[in-house]
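So this block is query-v8.cif, mmCIF, C-alpha atoms and all ligand atoms:
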```
data_entry
#
loop_
_atom_site.label_atom_id
_atom_site.label_comp_id
_atom_site.auth_asym_id
_atom_site.auth_seq_id
_atom_site.Cartn_x
_atom_site.Cartn_y
_atom_site.Cartn_z
CA MET A 1 83.16 95.01 109.55
CA ARG A 2 82.77 92.29 106.97
CA ALA A 3 84.66 92.17 103.70
CA CYS A 4 85.17 89.62 100.98
CA PHE A 5 86.09 89.12 97.38
CA THR A 6 84.03 86.73 95.31
CA THR A 7 84.94 84.25 92.57
CA ASN A 8 83.03 83.15 89.50
CA GLN A 9 80.77 81.21 91.86
CA PHE A 10 78.54 84.30 91.67
CA ASP A 11 78.12 86.09 88.35
CA LEU A 12 77.35 89.60 89.52
CA ALA A 13 76.61 90.70 85.95
CA THR A 14 73.29 88.93 86.41
CA LEU A 15 70.39 89.70 88.72
CA ASP A 16 70.33 86.04 89.80
CA GLY A 17 74.00 86.23 90.77
CA ARG A 18 73.51 89.44 92.72
CA ARG A 19 70.54 88.00 94.59
CA ALA A 20 72.41 84.77 95.33
CA LEU A 21 75.33 86.70 96.83
CA SER A 22 72.96 88.82 98.91
CA ARG A 23 71.38 85.64 100.27
CA GLU A 24 74.79 84.03 100.89
CA LEU A 25 75.97 87.03 102.91
CA SER A 26 72.56 87.75 104.47
CA LEU A 27 73.10 91.39 103.55
CA PRO A 28 71.27 93.91 101.39
CA LEU A 29 73.77 94.84 98.68
CA VAL A 30 74.28 98.12 96.84
CA PHE A 31 75.82 97.94 93.37
CA ALA A 32 76.96 100.80 91.14
CA ARG A 33 76.67 101.72 87.51
CA GLN A 34 80.42 101.83 86.95
CA VAL A 35 81.72 104.24 84.34
CA HIS A 36 85.52 104.15 84.81
CA GLY A 37 85.54 107.56 86.49
CA ALA A 38 86.64 108.95 89.85
CA GLU A 39 83.33 109.95 91.38
CA VAL A 40 82.53 108.79 94.93
CA ARG A 41 78.86 108.18 95.72
CA TRP A 42 77.56 108.03 99.30
CA VAL A 43 74.90 105.43 99.93
CA GLY A 44 72.80 104.47 102.92
CA PRO A 45 69.77 102.49 104.01
CA GLY A 46 67.36 102.07 101.11
CA SER A 47 70.05 102.46 98.46
CA GLU A 48 69.83 98.74 97.70
CA THR A 49 66.35 99.18 96.31
CA ALA A 50 66.90 102.56 94.63
CA GLU A 51 68.27 103.13 91.16
CA LEU A 52 71.93 102.13 90.86
CA PRO A 53 74.18 105.08 91.71
CA THR A 54 76.52 106.04 88.86
CA GLY A 55 80.13 106.10 89.94
CA ASP A 56 83.18 103.98 90.60
CA ALA A 57 83.40 104.35 94.36
CA LEU A 58 80.61 103.69 96.83
CA ALA A 59 81.01 105.01 100.37
CA THR A 60 78.89 104.62 103.47
CA GLY A 61 78.67 105.36 107.15
CA ALA A 62 75.67 103.07 107.55
CA VAL A 63 75.86 99.64 109.13
CA GLY A 64 74.26 96.56 107.67
CA ILE A 65 74.51 97.23 103.94
CA GLY A 66 77.10 95.70 101.63
CA LEU A 67 78.82 97.93 99.08
CA VAL A 68 79.76 95.94 95.99
CA ILE A 69 82.14 96.75 93.15
CA ARG A 70 82.04 94.43 90.14
CA THR A 71 85.13 93.55 88.15
CA ALA A 72 86.65 91.20 85.58
CA ASP A 73 90.41 92.02 85.50
CA CYS A 74 89.98 95.51 86.96
CA LEU A 75 90.92 95.95 90.61
CA PRO A 76 88.32 95.89 93.40
CA LEU A 77 89.60 98.06 96.27
CA LEU A 78 87.97 98.02 99.70
CA LEU A 79 88.64 100.74 102.28
CA ALA A 80 87.43 101.04 105.84
CA ASP A 81 87.97 102.72 109.16
CA PRO A 82 85.84 100.46 111.39
CA ARG A 83 86.37 102.66 114.45
CA ALA A 84 85.10 105.72 112.60
CA GLY A 85 82.35 103.62 111.03
CA LEU A 86 83.19 104.40 107.43
CA ALA A 87 83.78 102.16 104.42
CA ALA A 88 84.11 102.30 100.65
CA ALA A 89 84.29 99.93 97.70
CA VAL A 90 86.19 101.20 94.67
CA HIS A 91 86.51 100.05 91.06
CA VAL A 92 89.96 100.70 89.60
CA GLY A 93 90.72 100.00 85.97
CA TRP A 94 93.35 101.90 84.03
CA ARG A 95 91.00 104.79 83.46
CA GLY A 96 90.12 104.98 87.15
CA LEU A 97 93.80 104.69 88.04
CA MET A 98 94.64 107.62 85.78
CA ALA A 99 91.62 109.58 87.06
CA GLY A 100 92.70 109.04 90.68
CA VAL A 101 89.64 107.17 91.92
CA ALA A 102 91.52 105.44 94.77
CA GLU A 103 92.88 108.74 96.12
CA ALA A 104 89.44 110.33 95.69
CA ALA A 105 87.84 107.62 97.84
CA VAL A 106 90.52 107.99 100.52
CA ALA A 107 90.04 111.77 100.58
CA GLU A 108 86.28 111.41 100.75
CA LEU A 109 86.41 108.99 103.70
CA ARG A 110 88.92 111.21 105.51
CA SER A 111 86.78 114.28 104.99
CA ALA A 112 83.98 112.33 106.69
CA GLY A 113 86.21 111.53 109.68
CA ALA A 114 88.24 108.44 108.77
CA ALA A 115 91.63 108.47 110.49
CA ASN A 116 93.03 104.94 110.28
CA LEU A 117 92.06 103.43 106.95
CA LEU A 118 92.56 99.76 106.16
CA ALA A 119 92.78 98.76 102.50
CA ALA A 120 92.28 95.46 100.70
CA LEU A 121 93.14 95.01 97.03
CA GLY A 122 91.24 92.11 95.51
CA PRO A 123 92.01 89.77 92.62
CA SER A 124 92.86 91.62 89.39
CA ILE A 125 94.96 91.10 86.28
CA CYS A 126 98.64 90.84 87.22
CA PRO A 127 101.36 93.00 85.67
CA ASN A 128 102.78 90.06 83.72
CA CYS A 129 99.42 89.60 81.99
CA TYR A 130 98.35 93.23 81.68
CA GLN A 131 99.75 94.26 78.33
CA VAL A 132 98.90 97.86 77.43
CA GLY A 133 99.54 100.12 74.47
CA PRO A 134 102.64 102.31 74.34
CA ASP A 135 100.62 105.52 74.73
CA LEU A 136 98.93 104.36 77.91
CA ALA A 137 102.20 102.98 79.26
CA ALA A 138 103.90 106.33 78.64
CA ALA A 139 101.05 108.29 80.26
CA ALA A 140 100.99 105.95 83.26
CA ARG A 141 104.76 106.20 83.69
CA GLN A 142 104.53 109.99 83.41
CA ALA A 143 101.90 109.96 86.17
CA GLY A 144 104.26 107.96 88.38
CA HIS A 145 102.49 104.61 88.08
CA VAL A 146 104.22 101.24 87.99
CA THR A 147 104.93 100.02 84.48
CA GLY A 148 107.28 97.50 82.97
CA ARG A 149 107.84 95.25 79.99
CA GLY A 150 106.80 91.69 79.32
CA ALA A 151 109.13 88.96 78.08
CA ASP A 152 108.23 89.98 74.51
CA GLY A 153 109.18 93.60 75.19
CA THR A 154 105.64 94.98 75.11
CA PRO A 155 104.57 97.46 77.83
CA ARG A 156 102.80 96.24 80.98
CA LEU A 157 100.87 98.10 83.66
CA ASP A 158 100.86 97.08 87.30
CA LEU A 159 97.38 98.08 88.39
CA ALA A 160 97.52 96.75 91.96
CA GLY A 161 101.12 97.90 92.46
CA SER A 162 100.23 101.38 91.27
CA VAL A 163 97.19 101.60 93.55
CA ALA A 164 99.15 100.27 96.54
CA ALA A 165 101.83 102.90 95.90
CA ARG A 166 99.23 105.67 95.80
CA LEU A 167 97.65 104.42 99.02
CA ARG A 168 101.04 104.33 100.76
CA ARG A 169 101.73 107.83 99.54
CA ALA A 170 98.36 108.87 100.97
CA GLY A 171 99.57 107.57 104.34
CA LEU A 172 97.87 104.16 104.52
CA ARG A 173 99.93 101.45 106.19
CA ALA A 174 97.56 98.48 106.47
CA ILE A 175 97.30 97.35 102.86
CA TRP A 176 96.38 93.75 102.03
CA ARG A 177 96.85 92.48 98.47
CA SER A 178 95.34 89.43 96.85
CA PRO A 179 97.95 87.20 95.19
CA GLU A 180 95.52 85.98 92.51
CA CYS A 181 95.61 86.96 88.82
CA THR A 182 92.14 86.99 87.29
CA LEU A 183 93.45 86.12 83.83
CA GLU A 184 95.58 83.16 84.91
CA ASP A 185 93.29 81.74 87.59
CA ASP A 186 90.18 80.09 86.16
CA ARG A 187 88.22 80.67 89.37
CA PHE A 188 87.75 84.26 88.18
CA PHE A 189 86.05 86.04 85.33
CA SER A 190 88.57 87.71 83.02
CA TRP A 191 87.61 90.28 80.41
CA ARG A 192 90.96 89.76 78.70
CA ALA A 193 90.50 86.01 78.58
CA ALA A 194 86.89 86.16 77.35
CA ARG A 195 85.30 89.49 76.48
CA ASP A 196 81.74 88.30 76.98
CA THR A 197 82.20 87.31 80.56
CA GLY A 198 80.62 87.71 83.98
CA ARG A 199 81.71 89.77 86.93
CA GLN A 200 83.08 88.94 90.36
CA GLY A 201 83.13 91.50 93.10
CA GLY A 202 84.50 93.05 96.23
CA VAL A 203 82.06 93.52 99.12
CA ILE A 204 82.39 95.56 102.30
CA ALA A 205 79.86 96.16 105.06
CA LEU A 206 79.99 97.89 108.41
CA GLU A 207 78.58 96.17 111.45
CA PRO A 208 77.54 97.67 114.78
CA PRO A 209 80.56 97.82 117.10
CA PRO A 210 80.66 95.01 119.68
CA PRO A 211 80.21 95.86 123.36
CA PRO A 212 83.57 96.86 124.92
CA SER A 213 83.98 93.58 126.84
CA ASP A 214 83.68 91.57 123.63
CA ARG A 215 86.31 93.53 121.78
CA PRO A 216 89.11 91.31 120.56
CA THR A 217 92.58 92.35 121.56
CA ARG A 218 94.34 91.18 118.42
CA ALA A 219 95.05 93.55 115.59
CA PRO A 220 92.54 93.91 112.77
CA ARG A 221 93.09 91.38 110.07
CA LEU A 222 92.47 92.06 106.43
CA PRO A 223 90.63 89.66 104.17
CA THR A 224 90.18 87.01 102.88
CA HIS A 225 89.79 83.95 100.84
CA ALA A 226 88.24 84.68 97.52
CA GLY A 227 84.71 83.44 97.24
CA GLU A 228 84.12 83.20 100.90
CA ALA A 229 82.84 85.83 103.27
CA SER A 230 85.20 86.35 106.12
CA ARG A 231 84.47 88.37 109.18
CA LEU A 232 87.03 90.95 110.12
CA ALA A 233 87.82 91.72 113.71
CA ALA A 234 87.14 95.30 114.66
CA PRO A 235 90.07 97.00 116.36
ZN ZN B 301 98.62 87.16 85.36
#
```

Take the structure in the file and write it out as structure tokens.
Ligand SMILES: [Zn+2]
Amino acid sequence: MRACFTTNQFDLATLDGRRALSRELSLPLVFARQVHGAEVRWVGPGSETAELPTGDALATGAVGIGLVIRTADCLPLLLADPRAGLAAAVHVGWRGLMAGVAEAAVAELRSAGAANLLAALGPSICPNCYQVGPDLAAAARQAGHVTGRGADGTPRLDLAGSVAARLRRAGLRAIWRSPECTLEDDRFFSWRAARDTGRQGGVIALEPPPPPSDRPTRAPRLPTHAGEASRLAAP
């Protein structure tokens, strides 16, 4: 399995940026037409050249294609069970959070046979920076999500914290979280910092399992340094 989160080195809002990332990773990439919903779309070989699937979670059981979710402050969530040969990339903004897109992707992978899911939460806007309106804060709190208040007393939403809590509740134990805030860190595109901005992404791809003798004995390690593709050890 390979997984990474990108920086503003690649602007995935542009065709040039998408092609450059595909070349960098030596992988055909599948992107989505993201609509802030909770629909999971299965993709496979050939999807990279077909029309973009509409949905906020891409799932696959096929090796050798990269699933990519594009974000600028929203949370890119990657899920995989390398042993079962299943992976998903998920786009979680506040609408997706409220719609339950993360849980939907987990349920979809499990229904396809995933048993031990690993999760990686990429760079997103941090709760200190993510000021939201009082109505959304109240609805999120009501739904059991993590909210708080900033120094000025205005409501804040903890996107990554809320998703991590939902994943734990769904039974996931291996959850990696990026420490970066896309608004504060100028290596990332931020919709809140500049509305007319590009997109970074989260990428996950399945690889053929290694022969048994080559299997590493150490535990699977979750990604990654932003902007750099890192290879994950299969369990
Ligand atoms: Zn921040």

Residues within 9 Å of ligand ZN 301 (chain B), counting all atoms listed in the file, as a PyMOL selection string: chain A and resi 124-130+180-185

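Between atom CA of Ala105 of chain A and atom CA of Gly93 of chain A the separation is 14.4 Å.
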
Which residues come within 8 Å of segment 52-68 of chain A, counting all atoms listed in the file, excluding same-chain residues fewer than 5 positions away, as an NGL selection string? :A and (27-45 or 47 or 85-92 or 96 or 101 or 105 or 109 or 201-208)

Name the residues in contact with Ala143 of chain A at a cut-off of 10 Å, using only C-alpha atoms, excluding same-chain residues fewer than 6 positions from it; report them as a VMD selection string. chain A and resid 97 to 98 137

Would you put the residues from that selection into a file with C-alpha atoms, as a PDB file, in the coordinates of the input?
```pdb
ATOM      1  CA  LEU A  97      93.800 104.690  88.040  1.00  0.00           C
ATOM      2  CA  MET A  98      94.640 107.620  85.780  1.00  0.00           C
ATOM      3  CA  ALA A 137     102.200 102.980  79.260  1.00  0.00           C
TER       4      ALA A 137
END
```

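With atom CA of Ala139 of chain A on one side and atom CA of Leu121 of chain A on the other, the separation reads 22.8 Å.
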
Shortest interatomic distance to Ala140 of chain A - which of A:Leu79, A:Ala194, A:Leu118, A:Ala99, counting only C-alpha atoms: A:Ala99

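Atom CA of Leu75 of chain A is positioned 18.4 Å from atom CA of Arg169 of chain A.
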
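For the set A:Gln200, A:Gly113, A:Ala120, A:Leu78, the residue with the smallest atom-to-atom gap to Leu21 of chain A is A:Gln200, counting only C-alpha atoms.
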
Find, counting only C-alpha atoms, the residue in A:Gln142, A:Thr71, A:Thr49, A:Ser162 that gets nearest to Gly100 of chain A. A:Ser162

Axis-aligned box for all listed atoms of segment 64-76 of chain A, 4 Å per side, centre and edges in Å to one decimal, as JSON:
```
{"center_x": 82.6, "center_y": 94.6, "center_z": 96.6, "size_x": 24.7, "size_y": 14.7, "size_z": 30.2}
```

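Among the candidates A:Pro212, A:Arg177, A:Ala170, A:Gly198, the residue lying nearest to Thr7 of chain A is A:Gly198 (atoms considered: only C-alpha atoms).
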
Tell me which protein, DNA and RNA residues are within 9 Å of Arg199 of chain A, counting only C-alpha atoms, leaving out same-chain ones fewer than 6 positions away, and put them as number ranges by chain. A: 7-8, 10-14, 70-72, 188-191
